[in-house]
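**Student:** You'll find input_33.cif just under this line, and it carries mmCIF, C-alpha atoms.
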```cif
data_work
#
loop_
_atom_site.group_PDB
_atom_site.id
_atom_site.type_symbol
_atom_site.label_atom_id
_atom_site.label_comp_id
_atom_site.auth_asym_id
_atom_site.auth_seq_id
_atom_site.Cartn_x
_atom_site.Cartn_y
_atom_site.Cartn_z
ATOM 1 C CA MET A 896 -15.180 -35.154 6.006
ATOM 2 C CA GLN A 897 -18.672 -34.163 4.997
ATOM 3 C CA GLN A 898 -19.671 -33.893 1.355
ATOM 4 C CA ILE A 899 -20.549 -30.465 -0.005
ATOM 5 C CA ALA A 900 -24.184 -30.576 -1.127
ATOM 6 C CA ASP A 901 -24.067 -27.791 -3.727
ATOM 7 C CA PRO A 902 -22.083 -28.939 -6.779
ATOM 8 C CA VAL A 903 -21.072 -25.377 -7.661
ATOM 9 C CA ILE A 904 -19.559 -24.851 -4.204
ATOM 10 C CA ALA A 905 -17.713 -28.160 -4.518
ATOM 11 C CA MET A 906 -16.473 -27.192 -7.992
ATOM 12 C CA LEU A 907 -15.307 -23.814 -6.721
ATOM 13 C CA LEU A 908 -13.419 -25.449 -3.879
ATOM 14 C CA GLN A 909 -11.785 -27.882 -6.298
ATOM 15 C CA ILE A 910 -10.701 -25.202 -8.778
ATOM 16 C CA TYR A 911 -9.365 -22.981 -5.977
ATOM 17 C CA LEU A 912 -7.328 -25.900 -4.661
ATOM 18 C CA ALA A 913 -6.091 -26.983 -8.099
ATOM 19 C CA TYR A 914 -5.585 -23.455 -9.459
ATOM 20 C CA PRO A 915 -4.992 -20.995 -6.598
ATOM 21 C CA GLU A 916 -4.713 -18.129 -9.076
ATOM 22 C CA SER A 917 -8.440 -18.608 -9.835
ATOM 23 C CA SER A 918 -9.332 -17.586 -6.296
ATOM 24 C CA PRO A 919 -10.903 -14.141 -5.957
ATOM 25 C CA VAL A 920 -9.106 -13.646 -2.656
ATOM 26 C CA THR A 921 -5.903 -11.764 -3.242
ATOM 27 C CA LEU A 922 -3.035 -11.579 -0.838
ATOM 28 C CA PRO A 923 -2.551 -8.224 0.820
ATOM 29 C CA PRO A 924 0.209 -6.209 -0.785
ATOM 30 C CA ASP A 925 3.684 -6.456 0.678
ATOM 31 C CA VAL A 926 4.760 -2.979 1.801
ATOM 32 C CA GLN A 927 8.478 -3.719 1.406
ATOM 33 C CA GLU A 928 7.904 -5.098 -2.085
ATOM 34 C CA PHE A 929 5.876 -2.006 -3.043
ATOM 35 C CA TYR A 930 8.594 0.254 -1.617
ATOM 36 C CA GLU A 931 11.183 -1.496 -3.779
ATOM 37 C CA PHE A 932 8.852 -1.463 -6.826
ATOM 38 C CA LEU A 933 8.784 2.332 -6.551
ATOM 39 C CA GLY A 934 12.574 2.298 -6.824
ATOM 40 C CA MET A 935 13.160 3.501 -3.308
ATOM 41 C CA GLN A 936 16.422 2.703 -1.587
ATOM 42 C CA ASP A 937 17.189 1.812 2.011
ATOM 43 C CA SER A 938 17.802 5.418 3.030
ATOM 44 C CA PRO A 939 16.242 7.796 5.543
ATOM 45 C CA GLN A 940 15.342 10.233 2.748
ATOM 46 C CA ASP A 941 13.470 7.583 0.734
ATOM 47 C CA ARG A 942 11.703 6.282 3.842
ATOM 48 C CA ASP A 943 10.570 9.827 4.686
ATOM 49 C CA THR A 944 9.324 10.321 1.111
ATOM 50 C CA PHE A 945 7.507 6.989 1.222
ATOM 51 C CA ALA A 946 5.889 7.984 4.521
ATOM 52 C CA THR A 947 4.464 11.098 2.891
ATOM 53 C CA LEU A 948 3.293 9.178 -0.174
ATOM 54 C CA ILE A 949 1.361 6.666 1.934
ATOM 55 C CA GLY A 950 0.031 9.276 4.371
ATOM 56 C CA ARG A 951 1.974 8.154 7.395
ATOM 57 C CA SER A 952 4.765 9.431 9.624
ATOM 58 C CA PRO A 953 8.424 8.472 9.171
ATOM 59 C CA PRO A 954 8.443 6.505 12.467
ATOM 60 C CA SER A 955 5.447 4.536 11.176
ATOM 61 C CA VAL A 956 7.290 3.683 7.960
ATOM 62 C CA TYR A 957 10.386 2.660 9.927
ATOM 63 C CA ARG A 958 8.188 0.224 11.870
ATOM 64 C CA LEU A 959 6.642 -1.086 8.650
ATOM 65 C CA LEU A 960 9.893 -1.509 6.726
ATOM 66 C CA LEU A 961 12.526 -2.223 9.343
ATOM 67 C CA HIS A 962 10.607 -3.928 12.137
ATOM 68 C CA ASN A 963 7.966 -5.941 10.261
ATOM 69 C CA GLY A 964 5.152 -3.655 11.359
ATOM 70 C CA LYS A 965 1.645 -4.388 10.187
ATOM 71 C CA PRO A 966 0.097 -1.668 8.018
ATOM 72 C CA GLY A 967 -3.463 -0.588 8.660
ATOM 73 C CA ARG A 968 -6.310 -1.241 6.263
ATOM 74 C CA PRO A 969 -6.296 2.287 4.734
ATOM 75 C CA VAL A 970 -2.600 1.977 3.796
ATOM 76 C CA MET A 971 -3.211 -1.472 2.319
ATOM 77 C CA ARG A 972 -6.139 -0.176 0.235
ATOM 78 C CA TRP A 973 -4.060 2.791 -0.962
ATOM 79 C CA ILE A 974 -1.225 0.506 -2.100
ATOM 80 C CA GLU A 975 -3.721 -1.853 -3.756
ATOM 81 C CA ALA A 976 -5.348 1.061 -5.589
ATOM 82 C CA ILE A 977 -2.001 2.252 -6.936
ATOM 83 C CA LYS A 978 -1.008 -1.284 -7.957
ATOM 84 C CA ARG A 979 -4.327 -1.821 -9.767
ATOM 85 C CA LEU A 980 -3.448 1.079 -12.074
ATOM 86 C CA LYS A 981 -0.668 -1.150 -13.461
ATOM 87 C CA LEU A 982 1.644 1.802 -14.043
ATOM 88 C CA THR A 983 5.416 1.881 -14.204
ATOM 89 C CA PRO A 984 7.193 2.738 -10.949
ATOM 90 C CA LYS A 985 7.889 6.266 -12.205
ATOM 91 C CA LYS A 986 4.256 6.849 -13.212
ATOM 92 C CA SER A 987 3.060 5.326 -9.925
ATOM 93 C CA LEU A 988 5.229 7.804 -8.010
ATOM 94 C CA LYS A 989 3.834 10.664 -10.116
ATOM 95 C CA VAL A 990 0.209 9.670 -9.467
ATOM 96 C CA MET A 991 0.905 9.246 -5.757
ATOM 97 C CA ALA A 992 2.636 12.635 -5.555
ATOM 98 C CA ASP A 993 -0.210 14.325 -7.454
ATOM 99 C CA VAL A 994 -2.848 12.844 -5.141
ATOM 100 C CA VAL A 995 -0.816 13.677 -2.018
ATOM 101 C CA SER A 996 -0.366 17.251 -3.239
ATOM 102 C CA THR A 997 -4.070 17.661 -4.035
ATOM 103 C CA VAL A 998 -5.159 16.280 -0.660
ATOM 104 C CA GLY A 999 -2.481 18.277 1.150
ATOM 105 C CA ASP A 1000 -3.734 21.493 -0.471
ATOM 106 C CA ARG A 1001 -7.328 20.595 0.371
ATOM 107 C CA GLN A 1002 -6.369 19.901 3.998
ATOM 108 C CA GLN A 1003 -4.235 23.049 4.136
ATOM 109 C CA VAL A 1004 -1.002 21.185 4.811
ATOM 110 C CA ASP A 1005 1.680 23.535 3.516
ATOM 111 C CA LYS A 1006 4.278 21.897 1.220
ATOM 112 C CA VAL A 1007 3.153 18.375 2.132
ATOM 113 C CA LEU A 1008 5.515 16.767 -0.384
ATOM 114 C CA ILE A 1009 8.454 18.506 1.279
ATOM 115 C CA ASN A 1010 7.382 18.592 4.922
ATOM 116 C CA GLY A 1011 5.250 15.466 5.143
ATOM 117 C CA TRP A 1012 1.944 15.051 6.941
ATOM 118 C CA THR A 1013 2.828 14.911 10.618
ATOM 119 C CA LYS A 1014 5.100 17.896 10.905
ATOM 120 C CA GLN A 1015 2.009 20.053 10.853
ATOM 121 C CA GLY A 1016 -0.339 17.983 12.933
ATOM 122 C CA GLY A 1017 -1.930 16.180 9.997
ATOM 123 C CA PRO A 1018 -2.846 12.530 9.730
ATOM 124 C CA GLY A 1019 -0.210 9.901 10.069
ATOM 125 C CA GLU A 1020 0.143 8.397 13.501
ATOM 126 C CA HIS A 1021 -2.392 5.637 12.960
ATOM 127 C CA GLU A 1022 0.027 2.792 12.204
#
```
Output the structure of this file as structure tokens.

**Tutor:**
Amino acid sequence: MQQIADPVIAMLLQIYLAYPESSPVTLPPDVQEFYEFLGMQDSPQDRDTFATLIGRSPPSVYRLLLHNGKPGRPVMRWIEAIKRLKLTPKKSLKVMADVVSTVGDRQQVDKVLINGWTKQGGPGEHE
């Protein structure tokens, strides 16, 4: 093994190894864990609601939650953004619903919170 010439780089490596929580690299959010954090149950209705709240179709959410699908980068960033707000599950749901409603109105998706994104040809089939 070769020595690291820059002492700061060597110190960073050592602290990251000794104290992993010091590392700036965060693990990507777990979709299932986030789903449960929001208080959602293992039901078709909750999965459909979750699909709307993350801007995806119900089949996409079924793949993510039930078949270990891999979410795309935009979904991961959306979940990370909501988590960074450090809100309660109820407040997180409210913020998500407000943003979905605002974007749905802007994109002329009628009743997006009720009908979802893909029933009207909107975004959602990217996962």

**Student:** Could you state which residues are captured by the PyMOL selection byres ((chain A and resi 970) around 10) in this file, as a list in words?

**Tutor:** Pro924, Val926, Ile949, Gly950, Arg951, Lys965, Pro966, Gly967, Arg968, Pro969, Met971, Arg972, Trp973, Ile974, Glu975, Ala976, His1021 and Glu1022 of chain A

**Student:** List the residues matched by the PyMOL selection byres ((chain A and resi 935) around 12) in the displayed structure as a PyMOL selection string, ordered by chain and then by residue number.

**Tutor:** chain A and resi 926-934+936-946+948+960+984-985+988

**Student:** What separation in Å, quoted to one decimal, exists between CA of Lys978 in chain A and CA of Val956 in chain A?

**Tutor:** 18.6 Å

**Student:** Rounded to one decimal, what separation in Å do you get between CA of Pro919 in chain A and CA of Ile899 in chain A?

**Tutor:**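 Going from CA of Pro919 in chain A over to CA of Ile899 in chain A, I get 19.9 Å.
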
**Student:** If I take CA of Ile1009 in chain A and CA of Thr997 in chain A, how far is one from the other in Å, to one decimal?

**Tutor:**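 CA of Thr997 in chain A lies 13.6 Å from CA of Ile1009 in chain A.
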
**Student:** Supply range 907-918 of chain A as a PDB file, in the frame of the given file, with all heavy atoms built in where the input has gaps.

**Tutor:**
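The resulting file, rebuild.pdb, is reproduced below:
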```pdb
ATOM      1  N   LEU A 907     -16.127 -24.986  -7.062  1.00  0.00           N
ATOM      2  CA  LEU A 907     -15.307 -23.814  -6.721  1.00  0.00           C
ATOM      3  C   LEU A 907     -14.160 -24.216  -5.802  1.00  0.00           C
ATOM      4  O   LEU A 907     -13.012 -23.807  -6.015  1.00  0.00           O
ATOM      5  CB  LEU A 907     -16.158 -22.730  -6.047  1.00  0.00           C
ATOM      6  CG  LEU A 907     -16.996 -21.866  -6.971  1.00  0.00           C
ATOM      7  CD1 LEU A 907     -17.963 -21.012  -6.160  1.00  0.00           C
ATOM      8  CD2 LEU A 907     -16.113 -20.995  -7.843  1.00  0.00           C
ATOM      9  N   LEU A 908     -14.462 -24.993  -4.791  1.00  0.00           N
ATOM     10  CA  LEU A 908     -13.419 -25.449  -3.879  1.00  0.00           C
ATOM     11  C   LEU A 908     -12.337 -26.203  -4.647  1.00  0.00           C
ATOM     12  O   LEU A 908     -11.142 -25.958  -4.454  1.00  0.00           O
ATOM     13  CB  LEU A 908     -14.008 -26.334  -2.777  1.00  0.00           C
ATOM     14  CG  LEU A 908     -12.985 -26.950  -1.818  1.00  0.00           C
ATOM     15  CD1 LEU A 908     -12.170 -25.883  -1.116  1.00  0.00           C
ATOM     16  CD2 LEU A 908     -13.682 -27.859  -0.826  1.00  0.00           C
ATOM     17  N   GLN A 909     -12.749 -27.095  -5.538  1.00  0.00           N
ATOM     18  CA  GLN A 909     -11.785 -27.882  -6.298  1.00  0.00           C
ATOM     19  C   GLN A 909     -10.909 -27.003  -7.192  1.00  0.00           C
ATOM     20  O   GLN A 909      -9.703 -27.175  -7.241  1.00  0.00           O
ATOM     21  CB  GLN A 909     -12.506 -28.945  -7.149  1.00  0.00           C
ATOM     22  CG  GLN A 909     -11.560 -29.810  -7.947  1.00  0.00           C
ATOM     23  CD  GLN A 909     -10.548 -30.546  -7.069  1.00  0.00           C
ATOM     24  OE1 GLN A 909     -10.885 -31.046  -6.010  1.00  0.00           O
ATOM     25  NE2 GLN A 909      -9.310 -30.606  -7.515  1.00  0.00           N
ATOM     26  N   ILE A 910     -11.510 -26.044  -7.883  1.00  0.00           N
ATOM     27  CA  ILE A 910     -10.701 -25.202  -8.778  1.00  0.00           C
ATOM     28  C   ILE A 910      -9.766 -24.307  -7.971  1.00  0.00           C
ATOM     29  O   ILE A 910      -8.636 -24.066  -8.365  1.00  0.00           O
ATOM     30  CB  ILE A 910     -11.571 -24.406  -9.776  1.00  0.00           C
ATOM     31  CG1 ILE A 910     -10.676 -23.925 -10.937  1.00  0.00           C
ATOM     32  CG2 ILE A 910     -12.284 -23.241  -9.116  1.00  0.00           C
ATOM     33  CD1 ILE A 910     -11.424 -23.472 -12.153  1.00  0.00           C
ATOM     34  N   TYR A 911     -10.227 -23.812  -6.811  1.00  0.00           N
ATOM     35  CA  TYR A 911      -9.365 -22.981  -5.977  1.00  0.00           C
ATOM     36  C   TYR A 911      -8.174 -23.788  -5.456  1.00  0.00           C
ATOM     37  O   TYR A 911      -7.061 -23.270  -5.361  1.00  0.00           O
ATOM     38  CB  TYR A 911     -10.126 -22.387  -4.794  1.00  0.00           C
ATOM     39  CG  TYR A 911     -11.188 -21.372  -5.163  1.00  0.00           C
ATOM     40  CD1 TYR A 911     -12.153 -21.001  -4.233  1.00  0.00           C
ATOM     41  CD2 TYR A 911     -11.239 -20.776  -6.426  1.00  0.00           C
ATOM     42  CE1 TYR A 911     -13.134 -20.067  -4.549  1.00  0.00           C
ATOM     43  CE2 TYR A 911     -12.222 -19.848  -6.745  1.00  0.00           C
ATOM     44  CZ  TYR A 911     -13.168 -19.498  -5.805  1.00  0.00           C
ATOM     45  OH  TYR A 911     -14.127 -18.583  -6.115  1.00  0.00           O
ATOM     46  N   LEU A 912      -8.420 -25.055  -5.136  1.00  0.00           N
ATOM     47  CA  LEU A 912      -7.328 -25.900  -4.661  1.00  0.00           C
ATOM     48  C   LEU A 912      -6.372 -26.256  -5.792  1.00  0.00           C
ATOM     49  O   LEU A 912      -5.151 -26.230  -5.620  1.00  0.00           O
ATOM     50  CB  LEU A 912      -7.879 -27.179  -4.019  1.00  0.00           C
ATOM     51  CG  LEU A 912      -8.633 -26.993  -2.708  1.00  0.00           C
ATOM     52  CD1 LEU A 912      -9.289 -28.306  -2.277  1.00  0.00           C
ATOM     53  CD2 LEU A 912      -7.711 -26.476  -1.617  1.00  0.00           C
ATOM     54  N   ALA A 913      -6.920 -26.580  -6.955  1.00  0.00           N
ATOM     55  CA  ALA A 913      -6.091 -26.983  -8.099  1.00  0.00           C
ATOM     56  C   ALA A 913      -5.412 -25.799  -8.769  1.00  0.00           C
ATOM     57  O   ALA A 913      -4.290 -25.915  -9.261  1.00  0.00           O
ATOM     58  CB  ALA A 913      -6.943 -27.747  -9.113  1.00  0.00           C
ATOM     59  N   TYR A 914      -6.093 -24.657  -8.787  1.00  0.00           N
ATOM     60  CA  TYR A 914      -5.585 -23.455  -9.459  1.00  0.00           C
ATOM     61  C   TYR A 914      -5.752 -22.257  -8.522  1.00  0.00           C
ATOM     62  O   TYR A 914      -6.719 -21.491  -8.648  1.00  0.00           O
ATOM     63  CB  TYR A 914      -6.339 -23.193 -10.765  1.00  0.00           C
ATOM     64  CG  TYR A 914      -6.292 -24.341 -11.737  1.00  0.00           C
ATOM     65  CD1 TYR A 914      -7.299 -25.297 -11.778  1.00  0.00           C
ATOM     66  CD2 TYR A 914      -5.219 -24.459 -12.620  1.00  0.00           C
ATOM     67  CE1 TYR A 914      -7.255 -26.349 -12.671  1.00  0.00           C
ATOM     68  CE2 TYR A 914      -5.167 -25.516 -13.520  1.00  0.00           C
ATOM     69  CZ  TYR A 914      -6.183 -26.455 -13.537  1.00  0.00           C
ATOM     70  OH  TYR A 914      -6.131 -27.497 -14.428  1.00  0.00           O
ATOM     71  N   PRO A 915      -4.838 -22.083  -7.579  1.00  0.00           N
ATOM     72  CA  PRO A 915      -4.992 -20.995  -6.598  1.00  0.00           C
ATOM     73  C   PRO A 915      -5.159 -19.619  -7.236  1.00  0.00           C
ATOM     74  O   PRO A 915      -5.823 -18.753  -6.672  1.00  0.00           O
ATOM     75  CB  PRO A 915      -3.694 -21.066  -5.783  1.00  0.00           C
ATOM     76  CG  PRO A 915      -3.183 -22.442  -5.992  1.00  0.00           C
ATOM     77  CD  PRO A 915      -3.653 -22.880  -7.343  1.00  0.00           C
ATOM     78  N   GLU A 916      -4.592 -19.437  -8.418  1.00  0.00           N
ATOM     79  CA  GLU A 916      -4.713 -18.129  -9.076  1.00  0.00           C
ATOM     80  C   GLU A 916      -6.153 -17.817  -9.477  1.00  0.00           C
ATOM     81  O   GLU A 916      -6.491 -16.668  -9.765  1.00  0.00           O
ATOM     82  CB  GLU A 916      -3.778 -18.040 -10.294  1.00  0.00           C
ATOM     83  CG  GLU A 916      -4.156 -18.951 -11.451  1.00  0.00           C
ATOM     84  CD  GLU A 916      -3.590 -20.360 -11.362  1.00  0.00           C
ATOM     85  OE1 GLU A 916      -3.109 -20.784 -10.281  1.00  0.00           O
ATOM     86  OE2 GLU A 916      -3.632 -21.052 -12.384  1.00  0.00           O
ATOM     87  N   SER A 917      -7.028 -18.832  -9.492  1.00  0.00           N
ATOM     88  CA  SER A 917      -8.440 -18.608  -9.835  1.00  0.00           C
ATOM     89  C   SER A 917      -9.224 -18.019  -8.662  1.00  0.00           C
ATOM     90  O   SER A 917     -10.326 -17.517  -8.836  1.00  0.00           O
ATOM     91  CB  SER A 917      -9.092 -19.918 -10.283  1.00  0.00           C
ATOM     92  OG  SER A 917      -9.220 -20.811  -9.186  1.00  0.00           O
ATOM     93  N   SER A 918      -8.656 -18.068  -7.491  1.00  0.00           N
ATOM     94  CA  SER A 918      -9.332 -17.586  -6.296  1.00  0.00           C
ATOM     95  C   SER A 918      -9.499 -16.074  -6.340  1.00  0.00           C
ATOM     96  O   SER A 918      -8.575 -15.345  -6.695  1.00  0.00           O
ATOM     97  CB  SER A 918      -8.518 -17.975  -5.063  1.00  0.00           C
ATOM     98  OG  SER A 918      -9.060 -17.376  -3.919  1.00  0.00           O
TER      99      SER A 918
END
```
